[in-house]
>>> print(open('data_23.pdb').read())   # PDB, C-alpha atoms, pLDDT in the B column
ATOM      1  CA  MET A   1     132.020 170.148 215.899  1.00 97.00           C
ATOM      2  CA  LEU A   2     131.819 168.317 219.213  1.00 98.00           C
ATOM      3  CA  LEU A   3     133.853 169.735 222.095  1.00 98.00           C
ATOM      4  CA  LEU A   4     134.996 167.114 224.605  1.00 98.00           C
ATOM      5  CA  ASN A   5     135.809 168.999 227.799  1.00 98.00           C
ATOM      6  CA  PHE A   6     138.028 167.182 230.289  1.00 98.00           C
ATOM      7  CA  SER A   7     138.641 170.249 232.435  1.00 97.00           C
ATOM      8  CA  HIS A   8     136.576 172.793 234.353  1.00 95.00           C
ATOM      9  CA  PRO A   9     133.205 173.643 232.808  1.00 96.00           C
ATOM     10  CA  LEU A  10     133.515 176.369 230.193  1.00 98.00           C
ATOM     11  CA  THR A  11     131.656 179.646 230.609  1.00 97.00           C
ATOM     12  CA  GLU A  12     129.391 181.083 227.921  1.00 97.00           C
ATOM     13  CA  VAL A  13     132.087 183.675 227.182  1.00 97.00           C
ATOM     14  CA  GLN A  14     134.698 180.932 226.724  1.00 98.00           C
ATOM     15  CA  ILE A  15     132.378 179.001 224.406  1.00 98.00           C
ATOM     16  CA  GLN A  16     131.881 182.178 222.356  1.00 98.00           C
ATOM     17  CA  GLN A  17     135.680 182.584 222.210  1.00 98.00           C
ATOM     18  CA  VAL A  18     136.028 178.999 220.945  1.00 98.00           C
ATOM     19  CA  GLU A  19     133.379 179.565 218.287  1.00 98.00           C
ATOM     20  CA  ALA A  20     135.101 182.756 217.152  1.00 98.00           C
ATOM     21  CA  LEU A  21     138.409 180.885 216.836  1.00 98.00           C
ATOM     22  CA  ILE A  22     136.972 177.951 214.872  1.00 97.00           C
ATOM     23  CA  GLY A  23     134.636 180.112 212.793  1.00 97.00           C
ATOM     24  CA  LYS A  24     131.466 178.139 213.523  1.00 97.00           C
ATOM     25  CA  LYS A  25     129.021 177.200 216.245  1.00 97.00           C
ATOM     26  CA  LEU A  26     129.776 174.178 218.379  1.00 98.00           C
ATOM     27  CA  GLU A  27     127.225 171.413 217.848  1.00 97.00           C
ATOM     28  CA  GLU A  28     127.647 170.133 221.382  1.00 97.00           C
ATOM     29  CA  VAL A  29     129.828 170.368 224.467  1.00 98.00           C
ATOM     30  CA  GLN A  30     130.271 167.241 226.566  1.00 98.00           C
ATOM     31  CA  ASN A  31     131.835 167.650 230.017  1.00 98.00           C
ATOM     32  CA  PHE A  32     133.729 164.824 231.701  1.00 97.00           C
ATOM     33  CA  LYS A  33     134.843 164.609 235.294  1.00 94.00           C
ATOM     34  CA  VAL A  34     138.481 163.541 235.331  1.00 96.00           C
ATOM     35  CA  GLN A  35     139.580 162.228 238.686  1.00 94.00           C
ATOM     36  CA  PHE A  36     142.121 159.427 238.600  1.00 97.00           C
ATOM     37  CA  GLU A  37     143.352 157.110 241.304  1.00 97.00           C
ATOM     38  CA  ALA A  38     147.044 157.975 241.722  1.00 96.00           C
ATOM     39  CA  ALA A  39     147.990 154.457 242.845  1.00 97.00           C
ATOM     40  CA  ALA A  40     146.467 152.794 239.742  1.00 97.00           C
ATOM     41  CA  PRO A  41     147.929 152.770 236.213  1.00 97.00           C
ATOM     42  CA  TYR A  42     146.752 155.727 234.146  1.00 98.00           C
ATOM     43  CA  ALA A  43     146.516 153.852 230.821  1.00 97.00           C
ATOM     44  CA  ALA A  44     143.599 151.729 232.012  1.00 98.00           C
ATOM     45  CA  GLN A  45     141.873 154.740 233.597  1.00 98.00           C
ATOM     46  CA  VAL A  46     142.223 156.763 230.386  1.00 98.00           C
ATOM     47  CA  GLU A  47     140.835 153.860 228.371  1.00 98.00           C
ATOM     48  CA  ALA A  48     137.814 153.649 230.699  1.00 97.00           C
ATOM     49  CA  LEU A  49     137.320 157.427 230.500  1.00 98.00           C
ATOM     50  CA  VAL A  50     137.339 157.384 226.690  1.00 98.00           C
ATOM     51  CA  GLU A  51     135.097 154.310 226.522  1.00 97.00           C
ATOM     52  CA  GLY A  52     132.593 156.265 228.632  1.00 96.00           C
ATOM     53  CA  ILE A  53     132.307 158.921 225.935  1.00 97.00           C
ATOM     54  CA  GLY A  54     130.260 156.481 223.899  1.00 96.00           C
ATOM     55  CA  LEU A  55     131.507 157.225 220.384  1.00 97.00           C
ATOM     56  CA  GLY A  56     131.827 154.370 217.923  1.00 96.00           C
ATOM     57  CA  SER A  57     134.836 153.646 215.750  1.00 96.00           C
ATOM     58  CA  ALA A  58     133.461 155.531 212.732  1.00 97.00           C
ATOM     59  CA  GLU A  59     132.641 158.579 214.876  1.00 97.00           C
ATOM     60  CA  TRP A  60     136.152 158.673 216.350  1.00 97.00           C
ATOM     61  CA  GLN A  61     137.599 158.628 212.854  1.00 96.00           C
ATOM     62  CA  ASN A  62     135.145 160.938 211.075  1.00 97.00           C
ATOM     63  CA  ARG A  63     133.450 163.308 213.502  1.00 97.00           C
ATOM     64  CA  ALA A  64     134.917 166.790 213.927  1.00 97.00           C
ATOM     65  CA  LEU A  65     136.202 166.859 217.516  1.00 98.00           C
ATOM     66  CA  LEU A  66     137.847 169.529 219.630  1.00 98.00           C
ATOM     67  CA  ILE A  67     139.452 168.657 222.975  1.00 98.00           C
ATOM     68  CA  ASN A  68     139.833 170.707 226.129  1.00 98.00           C
ATOM     69  CA  PRO A  69     142.410 168.505 227.858  1.00 98.00           C
ATOM     70  CA  PRO A  70     142.684 167.987 231.600  1.00 97.00           C
ATOM     71  CA  ALA A  71     145.088 170.316 233.388  1.00 93.00           C
ATOM     72  CA  PHE A  72     147.079 167.459 234.940  1.00 95.00           C
ATOM     73  CA  SER A  73     149.811 166.803 232.382  1.00 96.00           C
ATOM     74  CA  PHE A  74     150.210 163.048 232.906  1.00 97.00           C
ATOM     75  CA  ILE A  75     146.515 162.441 232.303  1.00 98.00           C
ATOM     76  CA  ALA A  76     146.538 164.833 229.323  1.00 98.00           C
ATOM     77  CA  VAL A  77     149.391 163.068 227.530  1.00 97.00           C
ATOM     78  CA  ALA A  78     147.890 159.625 228.140  1.00 98.00           C
ATOM     79  CA  LEU A  79     144.520 160.900 226.900  1.00 98.00           C
ATOM     80  CA  LEU A  80     146.063 162.311 223.707  1.00 98.00           C
ATOM     81  CA  ALA A  81     147.802 158.987 223.022  1.00 98.00           C
ATOM     82  CA  GLU A  82     144.510 157.109 223.491  1.00 98.00           C
ATOM     83  CA  LEU A  83     142.634 159.557 221.248  1.00 98.00           C
ATOM     84  CA  HIS A  84     145.304 159.391 218.543  1.00 97.00           C
ATOM     85  CA  GLY A  85     144.995 155.621 218.540  1.00 97.00           C
ATOM     86  CA  ARG A  86     141.229 155.813 218.059  1.00 97.00           C
ATOM     87  CA  MET A  87     141.155 158.772 215.672  1.00 97.00           C
ATOM     88  CA  GLY A  88     144.275 158.151 213.622  1.00 96.00           C
ATOM     89  CA  TYR A  89     145.525 161.696 214.225  1.00 96.00           C
ATOM     90  CA  PHE A  90     146.031 164.151 217.044  1.00 97.00           C
ATOM     91  CA  PRO A  91     142.872 166.165 217.733  1.00 97.00           C
ATOM     92  CA  PRO A  92     142.970 169.953 217.978  1.00 98.00           C
ATOM     93  CA  CYS A  93     143.132 171.129 221.598  1.00 98.00           C
ATOM     94  CA  LEU A  94     142.154 174.295 223.418  1.00 98.00           C
ATOM     95  CA  ARG A  95     144.679 176.352 225.338  1.00 98.00           C
ATOM     96  CA  LEU A  96     143.294 178.573 228.056  1.00 98.00           C
ATOM     97  CA  ARG A  97     145.279 181.307 229.783  1.00 97.00           C
ATOM     98  CA  PRO A  98     144.703 183.438 232.869  1.00 96.00           C
ATOM     99  CA  VAL A  99     143.177 186.867 232.335  1.00 96.00           C
ATOM    100  CA  ALA A 100     145.768 189.329 233.627  1.00 95.00           C
ATOM    101  CA  GLY A 101     144.750 191.083 236.830  1.00 95.00           C
ATOM    102  CA  SER A 102     141.464 189.208 237.273  1.00 94.00           C
ATOM    103  CA  VAL A 103     140.279 188.656 240.839  1.00 94.00           C
ATOM    104  CA  PRO A 104     139.090 185.980 241.356  1.00 93.00           C
ATOM    105  CA  PRO A 105     141.187 184.217 238.696  1.00 93.00           C
ATOM    106  CA  GLN A 106     139.483 183.996 235.311  1.00 95.00           C
ATOM    107  CA  TYR A 107     140.574 182.243 232.132  1.00 97.00           C
ATOM    108  CA  GLU A 108     140.129 183.010 228.472  1.00 98.00           C
ATOM    109  CA  VAL A 109     140.565 180.819 225.415  1.00 98.00           C
ATOM    110  CA  ALA A 110     143.970 181.724 223.986  1.00 98.00           C
ATOM    111  CA  GLU A 111     144.108 179.484 220.917  1.00 98.00           C
ATOM    112  CA  VAL A 112     143.251 176.202 219.311  1.00 98.00           C
ATOM    113  CA  LEU A 113     146.395 174.097 219.101  1.00 98.00           C
ATOM    114  CA  ASP A 114     146.558 172.159 215.826  1.00 97.00           C
ATOM    115  CA  LEU A 115     148.668 169.259 217.090  1.00 96.00           C
ATOM    116  CA  ARG A 116     148.743 167.659 213.638  1.00 94.00           C
ATOM    117  CA  GLU A 117     150.276 170.806 212.171  1.00 96.00           C
ATOM    118  CA  ILE A 118     152.770 171.077 215.035  1.00 96.00           C
ATOM    119  CA  ARG A 119     153.776 167.457 214.423  1.00 94.00           C
ATOM    120  CA  GLU A 120     154.203 167.995 210.684  1.00 94.00           C
ATOM    121  CA  ARG A 121     156.407 171.062 211.220  1.00 95.00           C
ATOM    122  CA  ALA A 122     158.526 169.113 213.685  1.00 95.00           C
ATOM    123  CA  ARG A 123     158.909 166.230 211.217  1.00 94.00           C
ATOM    124  CA  ALA A 124     160.384 168.687 208.705  1.00 94.00           C
ATOM    125  CA  ARG A 125     163.145 169.426 211.236  1.00 95.00           C
ATOM    126  CA  ARG A 126     163.949 165.748 211.745  1.00 89.00           C
ATOM    127  CA  ALA A 127     167.352 164.735 210.380  1.00 74.00           C
TER
END
>>> encode(input="data_23.pdb", output="structure tokens")
Amino acid sequence: MLLLNFSHPLTEVQIQQVEALIGKKLEEVQNFKVQFEAAAPYAAQVEALVEGIGLGSAEWQNRALLINPPAFSFIAVALLAELHGRMGYFPPCLRLRPVAGSVPPQYEVAEVLDLREIRERARARRA
């Protein structure tokens, strides 16, 4: 599984937490600096960001991917829409949470969000 990290670099401990949650070793972690120009449209910037990853169409559709989304919500939602368009489904995403009482602030991997499963459960509630 390839982890595409659009947030702060993950520590070795966080990578171990991810591997424990997914039940296997990560093949690779790719880190991307996400800094957008606020005055420019985000859709084009997200497209350029994803193009820079360098995966081909078949890889987007077939490679096992895990996403650590950017913390800025507007970029994260635009990124997920772009990835869904390329992959044909929502990718699983990491959720990190603060470690209680840590000084300086530290974060741990809380869960892997299966967005596809969340979507399917929500569809069952649709009238």
>>> atom_distance(input="data_23.pdb", atom1="atom CA of Pro98 of chain A", atom2="atom CA of Glu117 of chain A")
24.9 Å
>>> resolve_selection(input="data_23.pdb", expression="the PyMOL selection byres ((chain A and resi 75) around 12)", output="list in words")
Phe6, Ser7, Val34, Gln35, Phe36, Glu37, Ala38, Pro41, Tyr42, Ala43, Ala44, Gln45, Val46, Glu47, Leu49, Val50, Pro69, Pro70, Ala71, Phe72, Ser73, Phe74, Ala76, Val77, Ala78, Leu79, Leu80, Ala81 and Glu82 of chain A
>>> closest_residue(input="data_23.pdb", among="A:Lys33, A:Lys25, A:Arg119, A:Arg63", to="Phe90 of chain A", atoms="all atoms listed in the file")
A:Arg119
>>> resolve_selection(input="data_23.pdb", expression="the PyMOL selection byres ((chain A and resi 22) around 12)", output="MDAnalysis selection string")
chainID A and resid 1:3 15:21 23:26 64:66 92:94 109 111:114
>>> atom_distance(input="data_23.pdb", atom1="atom CA of Leu4 of chain A", atom2="atom CA of Arg121 of chain A")
25.6 Å
>>> atom_distance(input="data_23.pdb", atom1="atom CA of Glu12 of chain A", atom2="atom CA of Leu96 of chain A")
14.1 Å
>>> closest_residue(input="data_23.pdb", among="A:Val13, A:Arg125, A:Asn31, A:Ile67", to="Glu108 of chain A", atoms="only C-alpha atoms")
A:Val13
>>> axis_aligned_box(input="data_23.pdb", around="segment 68-72 of chain A", padding_each_side="4 Å", output="lines of an AutoDock Vina configuration file")
center_x = 143.5
center_y = 169.1
center_z = 230.5
size_x = 15.2
size_y = 11.2
size_z = 16.8
>>> decode(input="data_23.pdb", residues="segment 1-36 of chain A", atoms="N, CA, C and O atoms", output="mmCIF file, in the first residue's frame")
data_model
loop_
_atom_site.group_PDB
_atom_site.id
_atom_site.type_symbol
_atom_site.label_atom_id
_atom_site.label_comp_id
_atom_site.auth_asym_id
_atom_site.auth_seq_id
_atom_site.Cartn_x
_atom_site.Cartn_y
_atom_site.Cartn_z
ATOM 1 N N MET A 1 0.842 -1.179 0.000
ATOM 2 C CA MET A 1 0.000 0.000 0.000
ATOM 3 C C MET A 1 0.885 1.240 0.000
ATOM 4 O O MET A 1 1.879 1.315 0.706
ATOM 5 N N LEU A 2 0.492 2.204 -0.808
ATOM 6 C CA LEU A 2 1.198 3.478 -0.918
ATOM 7 C C LEU A 2 0.445 4.511 -0.099
ATOM 8 O O LEU A 2 -0.754 4.697 -0.280
ATOM 9 N N LEU A 3 1.145 5.174 0.805
ATOM 10 C CA LEU A 3 0.559 6.247 1.608
ATOM 11 C C LEU A 3 0.944 7.582 0.984
ATOM 12 O O LEU A 3 2.127 7.898 0.856
ATOM 13 N N LEU A 4 -0.079 8.338 0.559
ATOM 14 C CA LEU A 4 0.129 9.687 0.041
ATOM 15 C C LEU A 4 -0.157 10.652 1.178
ATOM 16 O O LEU A 4 -1.290 10.776 1.638
ATOM 17 N N ASN A 5 0.879 11.322 1.651
ATOM 18 C CA ASN A 5 0.784 12.197 2.813
ATOM 19 C C ASN A 5 0.763 13.656 2.376
ATOM 20 O O ASN A 5 1.752 14.178 1.870
ATOM 21 N N PHE A 6 -0.381 14.304 2.596
ATOM 22 C CA PHE A 6 -0.551 15.706 2.238
ATOM 23 C C PHE A 6 -0.539 16.593 3.477
ATOM 24 O O PHE A 6 -1.045 17.710 3.456
ATOM 25 N N SER A 7 0.006 16.100 4.554
ATOM 26 C CA SER A 7 0.040 16.839 5.809
ATOM 27 C C SER A 7 1.472 16.847 6.334
ATOM 28 O O SER A 7 2.413 16.623 5.582
ATOM 29 N N HIS A 8 1.621 17.082 7.624
ATOM 30 C CA HIS A 8 2.951 17.083 8.234
ATOM 31 C C HIS A 8 3.597 15.712 8.079
ATOM 32 O O HIS A 8 2.898 14.698 8.061
ATOM 33 N N PRO A 9 4.921 15.659 7.979
ATOM 34 C CA PRO A 9 5.584 14.358 7.886
ATOM 35 C C PRO A 9 5.209 13.478 9.074
ATOM 36 O O PRO A 9 5.086 13.952 10.205
ATOM 37 N N LEU A 10 5.002 12.205 8.797
ATOM 38 C CA LEU A 10 4.648 11.254 9.849
ATOM 39 C C LEU A 10 5.904 10.756 10.550
ATOM 40 O O LEU A 10 6.947 10.570 9.924
ATOM 41 N N THR A 11 5.780 10.536 11.847
ATOM 42 C CA THR A 11 6.899 9.989 12.624
ATOM 43 C C THR A 11 6.943 8.477 12.430
ATOM 44 O O THR A 11 5.982 7.861 11.936
ATOM 45 N N GLU A 12 8.045 7.873 12.841
ATOM 46 C CA GLU A 12 8.159 6.410 12.782
ATOM 47 C C GLU A 12 7.065 5.751 13.607
ATOM 48 O O GLU A 12 6.493 4.744 13.213
ATOM 49 N N VAL A 13 6.763 6.332 14.772
ATOM 50 C CA VAL A 13 5.704 5.782 15.631
ATOM 51 C C VAL A 13 4.366 5.845 14.908
ATOM 52 O O VAL A 13 3.595 4.880 14.927
ATOM 53 N N GLN A 14 4.065 6.955 14.245
ATOM 54 C CA GLN A 14 2.807 7.079 13.515
ATOM 55 C C GLN A 14 2.734 6.079 12.359
ATOM 56 O O GLN A 14 1.681 5.488 12.108
ATOM 57 N N ILE A 15 3.836 5.873 11.671
ATOM 58 C CA ILE A 15 3.860 4.887 10.587
ATOM 59 C C ILE A 15 3.603 3.491 11.146
ATOM 60 O O ILE A 15 2.841 2.707 10.564
ATOM 61 N N GLN A 16 4.188 3.172 12.290
ATOM 62 C CA GLN A 16 3.930 1.886 12.940
ATOM 63 C C GLN A 16 2.458 1.763 13.327
ATOM 64 O O GLN A 16 1.858 0.685 13.200
ATOM 65 N N GLN A 17 1.852 2.853 13.787
ATOM 66 C CA GLN A 17 0.423 2.836 14.130
ATOM 67 C C GLN A 17 -0.425 2.568 12.879
ATOM 68 O O GLN A 17 -1.382 1.800 12.932
ATOM 69 N N VAL A 18 -0.075 3.190 11.772
ATOM 70 C CA VAL A 18 -0.787 2.960 10.511
ATOM 71 C C VAL A 18 -0.681 1.488 10.126
ATOM 72 O O VAL A 18 -1.688 0.843 9.796
ATOM 73 N N GLU A 19 0.526 0.954 10.169
ATOM 74 C CA GLU A 19 0.736 -0.437 9.772
ATOM 75 C C GLU A 19 -0.026 -1.402 10.672
ATOM 76 O O GLU A 19 -0.570 -2.407 10.198
ATOM 77 N N ALA A 20 -0.117 -1.083 11.950
ATOM 78 C CA ALA A 20 -0.898 -1.919 12.866
ATOM 79 C C ALA A 20 -2.381 -1.866 12.499
ATOM 80 O O ALA A 20 -3.074 -2.896 12.538
ATOM 81 N N LEU A 21 -2.870 -0.694 12.124
ATOM 82 C CA LEU A 21 -4.282 -0.550 11.762
ATOM 83 C C LEU A 21 -4.630 -1.256 10.452
ATOM 84 O O LEU A 21 -5.711 -1.830 10.319
ATOM 85 N N ILE A 22 -3.731 -1.215 9.473
ATOM 86 C CA ILE A 22 -4.029 -1.826 8.179
ATOM 87 C C ILE A 22 -3.577 -3.283 8.115
ATOM 88 O O ILE A 22 -3.938 -3.995 7.173
ATOM 89 N N GLY A 23 -2.811 -3.716 9.096
ATOM 90 C CA GLY A 23 -2.394 -5.115 9.158
ATOM 91 C C GLY A 23 -1.316 -5.510 8.184
ATOM 92 O O GLY A 23 -1.158 -6.694 7.879
ATOM 93 N N LYS A 24 -0.557 -4.550 7.680
ATOM 94 C CA LYS A 24 0.566 -4.844 6.783
ATOM 95 C C LYS A 24 1.523 -3.666 6.738
ATOM 96 O O LYS A 24 1.190 -2.570 7.166
ATOM 97 N N LYS A 25 2.714 -3.935 6.205
ATOM 98 C CA LYS A 25 3.718 -2.894 6.054
ATOM 99 C C LYS A 25 3.348 -1.995 4.880
ATOM 100 O O LYS A 25 2.824 -2.454 3.875
ATOM 101 N N LEU A 26 3.614 -0.713 5.037
ATOM 102 C CA LEU A 26 3.459 0.215 3.927
ATOM 103 C C LEU A 26 4.585 -0.025 2.932
ATOM 104 O O LEU A 26 5.743 -0.179 3.327
ATOM 105 N N GLU A 27 4.261 -0.049 1.651
ATOM 106 C CA GLU A 27 5.289 -0.191 0.622
ATOM 107 C C GLU A 27 6.119 1.078 0.524
ATOM 108 O O GLU A 27 7.327 1.033 0.332
ATOM 109 N N GLU A 28 5.406 2.212 0.652
ATOM 110 C CA GLU A 28 6.060 3.507 0.418
ATOM 111 C C GLU A 28 5.217 4.609 1.035
ATOM 112 O O GLU A 28 3.996 4.500 1.112
ATOM 113 N N VAL A 29 5.888 5.664 1.461
ATOM 114 C CA VAL A 29 5.220 6.881 1.915
ATOM 115 C C VAL A 29 5.748 8.026 1.062
ATOM 116 O O VAL A 29 6.959 8.238 0.996
ATOM 117 N N GLN A 30 4.847 8.723 0.400
ATOM 118 C CA GLN A 30 5.224 9.893 -0.389
ATOM 119 C C GLN A 30 4.648 11.125 0.301
ATOM 120 O O GLN A 30 3.454 11.171 0.607
ATOM 121 N N ASN A 31 5.506 12.105 0.560
ATOM 122 C CA ASN A 31 5.110 13.341 1.228
ATOM 123 C C ASN A 31 4.978 14.459 0.208
ATOM 124 O O ASN A 31 5.840 14.614 -0.665
ATOM 125 N N PHE A 32 3.904 15.239 0.347
ATOM 126 C CA PHE A 32 3.658 16.349 -0.576
ATOM 127 C C PHE A 32 3.434 17.626 0.213
ATOM 128 O O PHE A 32 2.668 17.648 1.173
ATOM 129 N N LYS A 33 4.117 18.671 -0.223
ATOM 130 C CA LYS A 33 3.938 19.980 0.391
ATOM 131 C C LYS A 33 2.680 20.600 -0.207
ATOM 132 O O LYS A 33 2.559 20.737 -1.425
ATOM 133 N N VAL A 34 1.748 20.949 0.655
ATOM 134 C CA VAL A 34 0.474 21.512 0.206
ATOM 135 C C VAL A 34 0.398 22.948 0.692
ATOM 136 O O VAL A 34 0.178 23.210 1.869
ATOM 137 N N GLN A 35 0.639 23.847 -0.233
ATOM 138 C CA GLN A 35 0.551 25.276 0.076
ATOM 139 C C GLN A 35 -0.120 25.931 -1.119
ATOM 140 O O GLN A 35 0.465 26.020 -2.196
ATOM 141 N N PHE A 36 -1.365 26.357 -0.925
ATOM 142 C CA PHE A 36 -2.150 26.900 -2.015
ATOM 143 C C PHE A 36 -2.189 28.422 -1.949
ATOM 144 O O PHE A 36 -2.098 29.009 -0.879
#
